[in-house]
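Please read the structure below before turning to the comments.
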Amino acid sequence: MKNPSTNDPIRKDEINFGFRRVGKNEHAGLVSSLFKSVAGRYDLMNDLMSGGLHRLWKQSLINWVNPQPGMRLVDVAGGTGDITFRFLNQLENASNNDVKATQTIICDPNKEMLRVAQKRAINMGYLYGIEFVQAPAEGLPLCDRSADVCTISFGLRNVTDRTAGLAEIFRILDFGGHFICLEFSPAVAPFLAPLYDTYSTRVIPWLGKHVAGNKEAYQYLAESIRCFPEPTALTEEMQKTGFGNIQCQMMSGGIVAIHSGWRL
Ligand SMILES: C[S@@+](CC[C@H](N)C(=O)[O-])C[C@H]1O[C@@H](n2cnc3c(N)ncnc32)[C@H](O)[C@@H]1O
């Protein structure tokens with residue numbers, strides 16, 4: 001499935017919201033209303049749509065992070081907290097570490113997603129070491145060079161101004177800091193493409209309607225993936241931001257990609 005408007009020139013004040021062109025000033029509000037409406041069913045939907053695969057993808061991201069005691073983690077677009085919880089859990093299991101001394105921040109502009117993250121943190125017994133910050137990637141209310149690792153998992157696609165978001169991530173990373181991005185990729189292997197297209201444009205919106213009560217949110221998912229840059233283009237954007245030693249790992253036949261880069 002291709003974005004039908006790819007060849008139409010895009011105005012400076014416009015951006016894609018899925019396949020629709022909307023004003024840049026409307027985009028964040030539209031994204032926000034989608035996540036607000038699905039927040040309560042977001043985790044269940046992830047398991048259902050991916051058949052649990054999102055857990056493996058997120059674990060691969062954590063392997064890239066390589067959690068170490070004392071590491072300062074900022075998870076941008078942290079949503080319901082999966083990445084931070086996995087980070088803390090791995091740290092705890094690895095060395096019987098007391099994670100109270102670890103500084104993690106779940107940052108997300110959406111209050112409802114953060115609220116789910118807070119409830120999950122309490123249920124998991126993470127009462128220390130996690131801060132919840134309501135803010136978009138484009139305006140992180142964090143100090144320069146205050147993070148060792150910055151992650152963004154299935155979040156960059158939703159950011160209205162990706163250039164500003166990447167620049168903010170770069171700014172908050174310390175020298176030697178590591179940025180890791182997990183995202184759906186439009187570069188799906190040709191042998192998978194027909195099945196993947198049918199699944200993502202028909203089955204996922206159907207699940208969205210019947211499980212999360214919002215078909216449009218999951219139609220947006222399929223469309224926004226097709227509008228997201230190919231891995232080589234994202235690598236270039238990261239280079240332009242200033243990241244070095246950039247590497248990219250494709251997974252599951254190109255359905256997702258992990259980009260890793262460093263603030264050298
Ligand atoms: C698909 S969820 C990903 C949540 C979580 N990281 C995960 O992997 O399960 C996307 C998240 O991006 C957030 N988001 C939307 N616009 C954003 C922006 N401009 N900056 C940062 N996060 C944003 C949404 O609120 C939502 O929580």
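Chain lettering (A, B, ...) mirrors the order of the structure tokens, residue numbering begins at 1 for each chain separately, and ligand numbering begins at 1 in order of display.
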
Could you produce a table of the residues of segment 13-106 of chain A lying within 6 Å of segment 113-130 of chain A, with the nearest pair of atoms per residue and their separation in Å rounded to one decimal, using only C-alpha atoms, ordered by chain and increasing residue number, as a tab-separated table?
residue	atom	partner	partner_atom	distance
A:Ala39	CA	A:Met113	CA	5.3
A:Gly79	CA	A:Met113	CA	5.0
A:Thr80	CA	A:Ala117	CA	4.0
A:Gly81	CA	A:Ala117	CA	5.0
A:Lys100	CA	A:Gly129	CA	5.2
A:Thr102	CA	A:Gly129	CA	5.4
A:Gln103	CA	A:Gly129	CA	5.1
A:Thr104	CA	A:Ile130	CA	4.9
A:Ile105	CA	A:Ile130	CA	5.5

Could you write out the selected residues, including N, CA and C atoms, as a short mmCIF file (atom, residue, chain, number, x, y, z; two decimals), in the first residue's frame?
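Final output, again_28.cif:
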data_model
loop_
_atom_site.label_atom_id
_atom_site.label_comp_id
_atom_site.auth_asym_id
_atom_site.auth_seq_id
_atom_site.Cartn_x
_atom_site.Cartn_y
_atom_site.Cartn_z
N ALA A 39 -5.65 4.72 25.15
CA ALA A 39 -4.66 4.48 26.23
C ALA A 39 -5.00 3.25 27.08
N GLY A 79 5.03 6.50 26.57
CA GLY A 79 3.71 5.88 26.61
C GLY A 79 3.42 5.19 27.92
N THR A 80 3.06 3.93 27.84
CA THR A 80 2.65 3.19 29.04
C THR A 80 3.85 2.55 29.76
N GLY A 81 5.06 2.89 29.36
CA GLY A 81 6.25 2.58 30.16
C GLY A 81 7.01 1.31 29.85
N LYS A 100 16.76 1.54 43.14
CA LYS A 100 16.36 2.83 43.71
C LYS A 100 17.30 3.96 43.29
N THR A 102 18.77 4.24 40.47
CA THR A 102 18.78 4.48 39.01
C THR A 102 17.79 5.58 38.66
N GLN A 103 18.18 6.44 37.75
CA GLN A 103 17.34 7.55 37.35
C GLN A 103 16.72 7.28 35.99
N THR A 104 15.43 7.05 35.95
CA THR A 104 14.78 6.88 34.65
C THR A 104 13.65 7.90 34.52
N ILE A 105 13.44 8.33 33.30
CA ILE A 105 12.36 9.30 33.05
C ILE A 105 11.51 8.78 31.90
#

Within 6 Å of ligand 1, which residues of chain A come that close, and what is the closest atom pair and distance in Å for each? Count only C-alpha atoms and all ligand atoms and give it as a Markdown table.
| residue | atom | partner | partner_atom_place_in_ligand_line | distance |
| --- | --- | --- | --- | --- |
| A:Val31 | CA | ligand 1 | 15 (C) | 5.9 |
| A:Ser32 | CA | ligand 1 | 25 (O) | 6.0 |
| A:Phe35 | CA | ligand 1 | 25 (O) | 5.7 |
| A:Val76 | CA | ligand 1 | 21 (C) | 5.9 |
| A:Ala77 | CA | ligand 1 | 22 (N) | 3.5 |
| A:Gly78 | CA | ligand 1 | 6 (N) | 4.0 |
| A:Gly79 | CA | ligand 1 | 27 (O) | 3.5 |
| A:Thr80 | CA | ligand 1 | 5 (C) | 6.0 |
| A:Asp82 | CA | ligand 1 | 9 (O) | 5.7 |
| A:Asp108 | CA | ligand 1 | 22 (N) | 4.9 |
| A:Pro109 | CA | ligand 1 | 25 (O) | 5.4 |
| A:Asn110 | CA | ligand 1 | 25 (O) | 4.4 |
| A:Met113 | CA | ligand 1 | 27 (O) | 5.5 |
| A:Pro136 | CA | ligand 1 | 20 (N) | 3.5 |
| A:Ala137 | CA | ligand 1 | 20 (N) | 3.8 |
| A:Ser153 | CA | ligand 1 | 8 (O) | 4.2 |
| A:Phe154 | CA | ligand 1 | 3 (C) | 4.7 |
| A:Gly155 | CA | ligand 1 | 12 (O) | 4.1 |
| A:Asn158 | CA | ligand 1 | 16 (N) | 4.7 |
| A:Val159 | CA | ligand 1 | 19 (N) | 3.7 |
| A:Thr160 | CA | ligand 1 | 19 (N) | 5.4 |

Query raised in the report: Contacts of segment 252-254 of chain A at 7 Å or less, counting only C-alpha atoms, minus same-chain residues fewer than 2 places along, as a ChimeraX atom specification?
Result: /A:185,187-189,250,256-257

Emit the selected residues as a PDB file, in the first residue's frame, including N, CA and C atoms.
ATOM      1  N   SER A 185       8.949   0.229   9.973  1.00  0.00           N
ATOM      2  CA  SER A 185       9.654   0.722   8.795  1.00  0.00           C
ATOM      3  C   SER A 185       8.786   0.505   7.567  1.00  0.00           C
ATOM      4  N   ALA A 187      10.074  -0.209   4.800  1.00  0.00           N
ATOM      5  CA  ALA A 187      10.891  -1.036   3.898  1.00  0.00           C
ATOM      6  C   ALA A 187      10.674  -2.530   4.160  1.00  0.00           C
ATOM      7  N   VAL A 188       9.434  -2.976   3.977  1.00  0.00           N
ATOM      8  CA  VAL A 188       9.107  -4.386   4.228  1.00  0.00           C
ATOM      9  C   VAL A 188       9.563  -5.242   3.035  1.00  0.00           C
ATOM     10  N   ALA A 189      10.106  -6.412   3.343  1.00  0.00           N
ATOM     11  CA  ALA A 189      10.610  -7.298   2.279  1.00  0.00           C
ATOM     12  C   ALA A 189       9.491  -7.616   1.284  1.00  0.00           C
ATOM     13  N   MET A 250      17.509  -4.222  10.878  1.00  0.00           N
ATOM     14  CA  MET A 250      16.133  -4.502  10.440  1.00  0.00           C
ATOM     15  C   MET A 250      15.691  -5.806  11.092  1.00  0.00           C
ATOM     16  N   VAL A 256      10.097  -3.800  11.238  1.00  0.00           N
ATOM     17  CA  VAL A 256      10.611  -2.793  12.181  1.00  0.00           C
ATOM     18  C   VAL A 256      12.114  -2.607  11.991  1.00  0.00           C
ATOM     19  N   ALA A 257      12.579  -1.442  12.445  1.00  0.00           N
ATOM     20  CA  ALA A 257      14.015  -1.142  12.362  1.00  0.00           C
ATOM     21  C   ALA A 257      14.456  -0.500  13.668  1.00  0.00           C
TER      22      ALA A 257
END

Report task. Just give me the gap between atom CA of Arg171 of chain A and atom CA of Lys36 of chain A in Å, one decimal is fine. Result ->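 Interatomic distance, atom CA of Arg171 of chain A to atom CA of Lys36 of chain A: 28.3 Å.
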
Requested in this report: Excluding segment 46-54 of chain A and any residue of its chain fewer than 3 positions from it, enumerate the residues within 8 Å of it, using only C-alpha atoms, and give them as a list of chain:residue names.
Outcome: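 So the residues in contact are A:Tyr42, A:Asp43, A:Trp57, A:Lys58, A:Ile204, A:Leu207.
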
Query - Expected answer as number ranges by chain: alpha helix (DSSP H) residues in segment 34-247 of chain A - result: A: 34-38, 42-50, 53-65, 82-95, 111-124, 162-172, 193-198, 204-207, 215-227, 231-241

Could you write out that same residue set with C-alpha atoms as an mmCIF file, in the first residue's frame?
data_model
loop_
_atom_site.group_PDB
_atom_site.id
_atom_site.type_symbol
_atom_site.label_atom_id
_atom_site.label_comp_id
_atom_site.auth_asym_id
_atom_site.auth_seq_id
_atom_site.Cartn_x
_atom_site.Cartn_y
_atom_site.Cartn_z
ATOM 1 C CA LEU A 34 -5.949 9.142 19.168
ATOM 2 C CA PHE A 35 -3.709 8.093 22.049
ATOM 3 C CA LYS A 36 -6.110 9.545 24.600
ATOM 4 C CA SER A 37 -8.894 7.349 23.269
ATOM 5 C CA VAL A 38 -6.871 4.083 23.120
ATOM 6 C CA TYR A 42 -3.063 0.206 24.246
ATOM 7 C CA ASP A 43 -1.063 -2.646 25.837
ATOM 8 C CA LEU A 44 -3.660 -5.299 25.025
ATOM 9 C CA MET A 45 -3.823 -4.080 21.418
ATOM 10 C CA ASN A 46 -0.036 -4.316 21.077
ATOM 11 C CA ASP A 47 -0.128 -7.966 22.076
ATOM 12 C CA LEU A 48 -3.086 -8.768 19.855
ATOM 13 C CA MET A 49 -1.881 -6.996 16.722
ATOM 14 C CA SER A 50 1.686 -8.221 16.884
ATOM 15 C CA LEU A 53 6.177 -9.848 18.703
ATOM 16 C CA HIS A 54 6.406 -6.291 20.047
ATOM 17 C CA ARG A 55 7.896 -7.807 23.222
ATOM 18 C CA LEU A 56 10.779 -9.314 21.232
ATOM 19 C CA TRP A 57 11.331 -6.056 19.336
ATOM 20 C CA LYS A 58 11.403 -4.100 22.599
ATOM 21 C CA GLN A 59 13.780 -6.639 24.119
ATOM 22 C CA SER A 60 16.108 -6.116 21.130
ATOM 23 C CA LEU A 61 16.061 -2.392 21.857
ATOM 24 C CA ILE A 62 16.968 -3.133 25.488
ATOM 25 C CA ASN A 63 19.836 -5.322 24.284
ATOM 26 C CA TRP A 64 21.150 -2.308 22.363
ATOM 27 C CA VAL A 65 20.778 -0.190 25.517
ATOM 28 C CA ASP A 82 7.251 -0.721 28.503
ATOM 29 C CA ILE A 83 10.821 0.322 27.736
ATOM 30 C CA THR A 84 11.553 1.759 31.174
ATOM 31 C CA PHE A 85 10.077 -1.269 32.958
ATOM 32 C CA ARG A 86 12.122 -3.638 30.822
ATOM 33 C CA PHE A 87 15.242 -1.560 31.500
ATOM 34 C CA LEU A 88 14.690 -1.657 35.266
ATOM 35 C CA ASN A 89 13.712 -5.306 35.249
ATOM 36 C CA GLN A 90 16.851 -6.327 33.352
ATOM 37 C CA LEU A 91 18.999 -4.278 35.697
ATOM 38 C CA GLU A 92 17.388 -5.877 38.741
ATOM 39 C CA ASN A 93 17.729 -9.408 37.392
ATOM 40 C CA ALA A 94 21.281 -8.977 36.133
ATOM 41 C CA SER A 95 22.964 -8.218 39.414
ATOM 42 C CA LYS A 111 -1.559 12.466 30.108
ATOM 43 C CA GLU A 112 -3.690 9.346 29.654
ATOM 44 C CA MET A 113 -0.758 7.212 28.452
ATOM 45 C CA LEU A 114 1.365 8.452 31.375
ATOM 46 C CA ARG A 115 -1.422 7.640 33.798
ATOM 47 C CA VAL A 116 -1.430 4.020 32.589
ATOM 48 C CA ALA A 117 2.379 3.985 32.998
ATOM 49 C CA GLN A 118 2.057 5.247 36.568
ATOM 50 C CA LYS A 119 -0.485 2.565 37.469
ATOM 51 C CA ARG A 120 1.709 -0.125 35.942
ATOM 52 C CA ALA A 121 4.764 1.167 37.853
ATOM 53 C CA ILE A 122 2.865 0.895 41.125
ATOM 54 C CA ASN A 123 1.609 -2.603 40.275
ATOM 55 C CA MET A 124 5.160 -3.705 39.458
ATOM 56 C CA ARG A 162 11.056 15.226 13.778
ATOM 57 C CA THR A 163 14.042 17.537 13.209
ATOM 58 C CA ALA A 164 13.276 19.401 16.434
ATOM 59 C CA GLY A 165 12.629 16.120 18.297
ATOM 60 C CA LEU A 166 15.957 14.618 17.239
ATOM 61 C CA ALA A 167 17.761 17.857 18.136
ATOM 62 C CA GLU A 168 16.231 17.795 21.615
ATOM 63 C CA ILE A 169 17.281 14.182 22.140
ATOM 64 C CA PHE A 170 20.812 15.083 21.040
ATOM 65 C CA ARG A 171 20.848 18.081 23.404
ATOM 66 C CA ILE A 172 19.867 16.100 26.513
ATOM 67 C CA ALA A 193 4.514 -7.010 1.496
ATOM 68 C CA PRO A 194 1.146 -8.302 0.135
ATOM 69 C CA LEU A 195 0.320 -10.197 3.340
ATOM 70 C CA TYR A 196 1.563 -7.363 5.525
ATOM 71 C CA ASP A 197 -0.498 -4.807 3.573
ATOM 72 C CA THR A 198 -3.678 -6.824 3.982
ATOM 73 C CA ILE A 204 -5.451 -4.190 12.512
ATOM 74 C CA PRO A 205 -8.148 -1.501 12.003
ATOM 75 C CA TRP A 206 -10.786 -4.205 12.592
ATOM 76 C CA LEU A 207 -9.092 -5.109 15.886
ATOM 77 C CA LYS A 215 -10.772 2.053 14.092
ATOM 78 C CA GLU A 216 -9.277 5.364 12.917
ATOM 79 C CA ALA A 217 -6.415 5.189 15.437
ATOM 80 C CA TYR A 218 -5.282 1.891 13.973
ATOM 81 C CA GLN A 219 -5.873 2.996 10.390
ATOM 82 C CA TYR A 220 -3.585 5.919 11.224
ATOM 83 C CA LEU A 221 -0.985 3.374 12.412
ATOM 84 C CA ALA A 222 -0.905 1.643 9.008
ATOM 85 C CA GLU A 223 -0.859 4.938 7.108
ATOM 86 C CA SER A 224 1.733 6.680 9.264
ATOM 87 C CA ILE A 225 4.150 3.750 8.775
ATOM 88 C CA ARG A 226 3.932 4.297 4.995
ATOM 89 C CA CYS A 227 4.716 8.005 5.465
ATOM 90 C CA PRO A 231 15.918 3.457 7.153
ATOM 91 C CA THR A 232 18.578 5.126 4.968
ATOM 92 C CA ALA A 233 16.685 8.442 5.080
ATOM 93 C CA LEU A 234 16.309 8.263 8.855
ATOM 94 C CA THR A 235 20.023 7.509 9.147
ATOM 95 C CA GLU A 236 20.698 10.708 7.170
ATOM 96 C CA GLU A 237 18.400 12.715 9.455
ATOM 97 C CA MET A 238 20.304 11.388 12.458
ATOM 98 C CA GLN A 239 23.632 12.271 10.833
ATOM 99 C CA LYS A 240 22.390 15.801 10.147
ATOM 100 C CA THR A 241 21.397 16.108 13.817
#

Requested in this report: Name all residues at most 12 Å from Leu173 of chain A (count only C-alpha atoms; drop same-chain ones fewer than 3 positions away) and give them as a PyMOL selection string.
Outcome: chain A and resi 71-75+140+142-151+166-170+176-180+242-243+261-264

Selection file, N, CA and C atoms, as a short mmCIF file (atom, residue, chain, number, x, y, z; two decimals), in the first residue's frame:
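That gives us out.cif:
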data_model
loop_
_atom_site.label_atom_id
_atom_site.label_comp_id
_atom_site.auth_asym_id
_atom_site.auth_seq_id
_atom_site.Cartn_x
_atom_site.Cartn_y
_atom_site.Cartn_z
N MET A 71 23.01 4.11 35.11
CA MET A 71 22.72 4.73 33.81
C MET A 71 21.50 5.64 33.92
N ARG A 72 21.58 6.81 33.32
CA ARG A 72 20.42 7.72 33.33
C ARG A 72 19.67 7.55 32.01
N LEU A 73 18.46 6.99 32.12
CA LEU A 73 17.66 6.69 30.92
C LEU A 73 16.52 7.70 30.77
N VAL A 74 16.37 8.23 29.58
CA VAL A 74 15.17 9.01 29.26
C VAL A 74 14.46 8.28 28.12
N ASP A 75 13.22 7.87 28.37
CA ASP A 75 12.43 7.21 27.33
C ASP A 75 11.42 8.22 26.78
N LEU A 140 11.74 19.01 25.28
CA LEU A 140 11.98 18.20 26.48
C LEU A 140 12.41 19.13 27.62
N LEU A 142 14.21 19.09 30.05
CA LEU A 142 15.33 18.42 30.73
C LEU A 142 16.62 19.17 30.41
N CYS A 143 17.58 19.05 31.33
CA CYS A 143 18.83 19.81 31.17
C CYS A 143 19.69 19.24 30.05
N ASP A 144 20.55 20.10 29.51
CA ASP A 144 21.54 19.66 28.52
C ASP A 144 22.39 18.55 29.14
N ARG A 145 22.70 17.53 28.37
CA ARG A 145 23.62 16.44 28.75
C ARG A 145 23.24 15.77 30.07
N SER A 146 21.91 15.58 30.27
CA SER A 146 21.46 14.99 31.54
C SER A 146 21.12 13.50 31.41
N ALA A 147 21.32 12.92 30.21
CA ALA A 147 20.98 11.50 30.02
C ALA A 147 22.16 10.74 29.43
N ASP A 148 22.27 9.47 29.83
CA ASP A 148 23.28 8.60 29.22
C ASP A 148 22.69 7.85 28.03
N VAL A 149 21.41 7.52 28.16
CA VAL A 149 20.72 6.80 27.08
C VAL A 149 19.37 7.44 26.86
N CYS A 150 19.03 7.58 25.61
CA CYS A 150 17.71 8.10 25.28
C CYS A 150 17.08 7.14 24.28
N THR A 151 15.89 6.65 24.61
CA THR A 151 15.20 5.70 23.73
C THR A 151 13.91 6.33 23.21
N LEU A 166 14.62 15.23 17.23
CA LEU A 166 15.96 14.62 17.24
C LEU A 166 16.97 15.58 17.87
N ALA A 167 16.82 16.86 17.58
CA ALA A 167 17.76 17.86 18.14
C ALA A 167 17.64 17.92 19.66
N GLU A 168 16.43 17.79 20.16
CA GLU A 168 16.23 17.79 21.61
C GLU A 168 16.87 16.57 22.26
N ILE A 169 16.69 15.43 21.62
CA ILE A 169 17.28 14.18 22.14
C ILE A 169 18.80 14.33 22.18
N PHE A 170 19.36 14.86 21.11
CA PHE A 170 20.81 15.08 21.04
C PHE A 170 21.26 16.02 22.17
N GLY A 176 29.13 10.95 24.69
CA GLY A 176 29.21 9.49 24.79
C GLY A 176 27.84 8.86 25.01
N GLY A 177 26.80 9.69 24.97
CA GLY A 177 25.45 9.18 25.20
C GLY A 177 24.90 8.46 23.98
N HIS A 178 23.96 7.57 24.23
CA HIS A 178 23.47 6.65 23.19
C HIS A 178 21.98 6.89 22.92
N PHE A 179 21.66 7.01 21.64
CA PHE A 179 20.26 7.16 21.22
C PHE A 179 19.84 5.90 20.47
N ILE A 180 18.70 5.34 20.86
CA ILE A 180 18.21 4.14 20.18
C ILE A 180 16.74 4.33 19.85
N GLY A 242 23.66 15.29 14.14
CA GLY A 242 24.97 15.28 14.81
C GLY A 242 25.36 13.93 15.36
N PHE A 243 24.46 12.93 15.25
CA PHE A 243 24.79 11.61 15.79
C PHE A 243 25.89 10.95 14.95
N GLY A 261 22.55 5.52 17.48
CA GLY A 261 23.53 6.57 17.19
C GLY A 261 24.07 7.14 18.49
N TRP A 262 25.23 7.77 18.39
CA TRP A 262 25.91 8.26 19.61
C TRP A 262 26.16 9.75 19.53
N ARG A 263 26.13 10.40 20.71
CA ARG A 263 26.61 11.78 20.78
C ARG A 263 28.09 11.69 21.14
N LEU A 264 28.92 11.90 20.15
CA LEU A 264 30.34 11.66 20.38
C LEU A 264 31.03 12.89 20.97
#
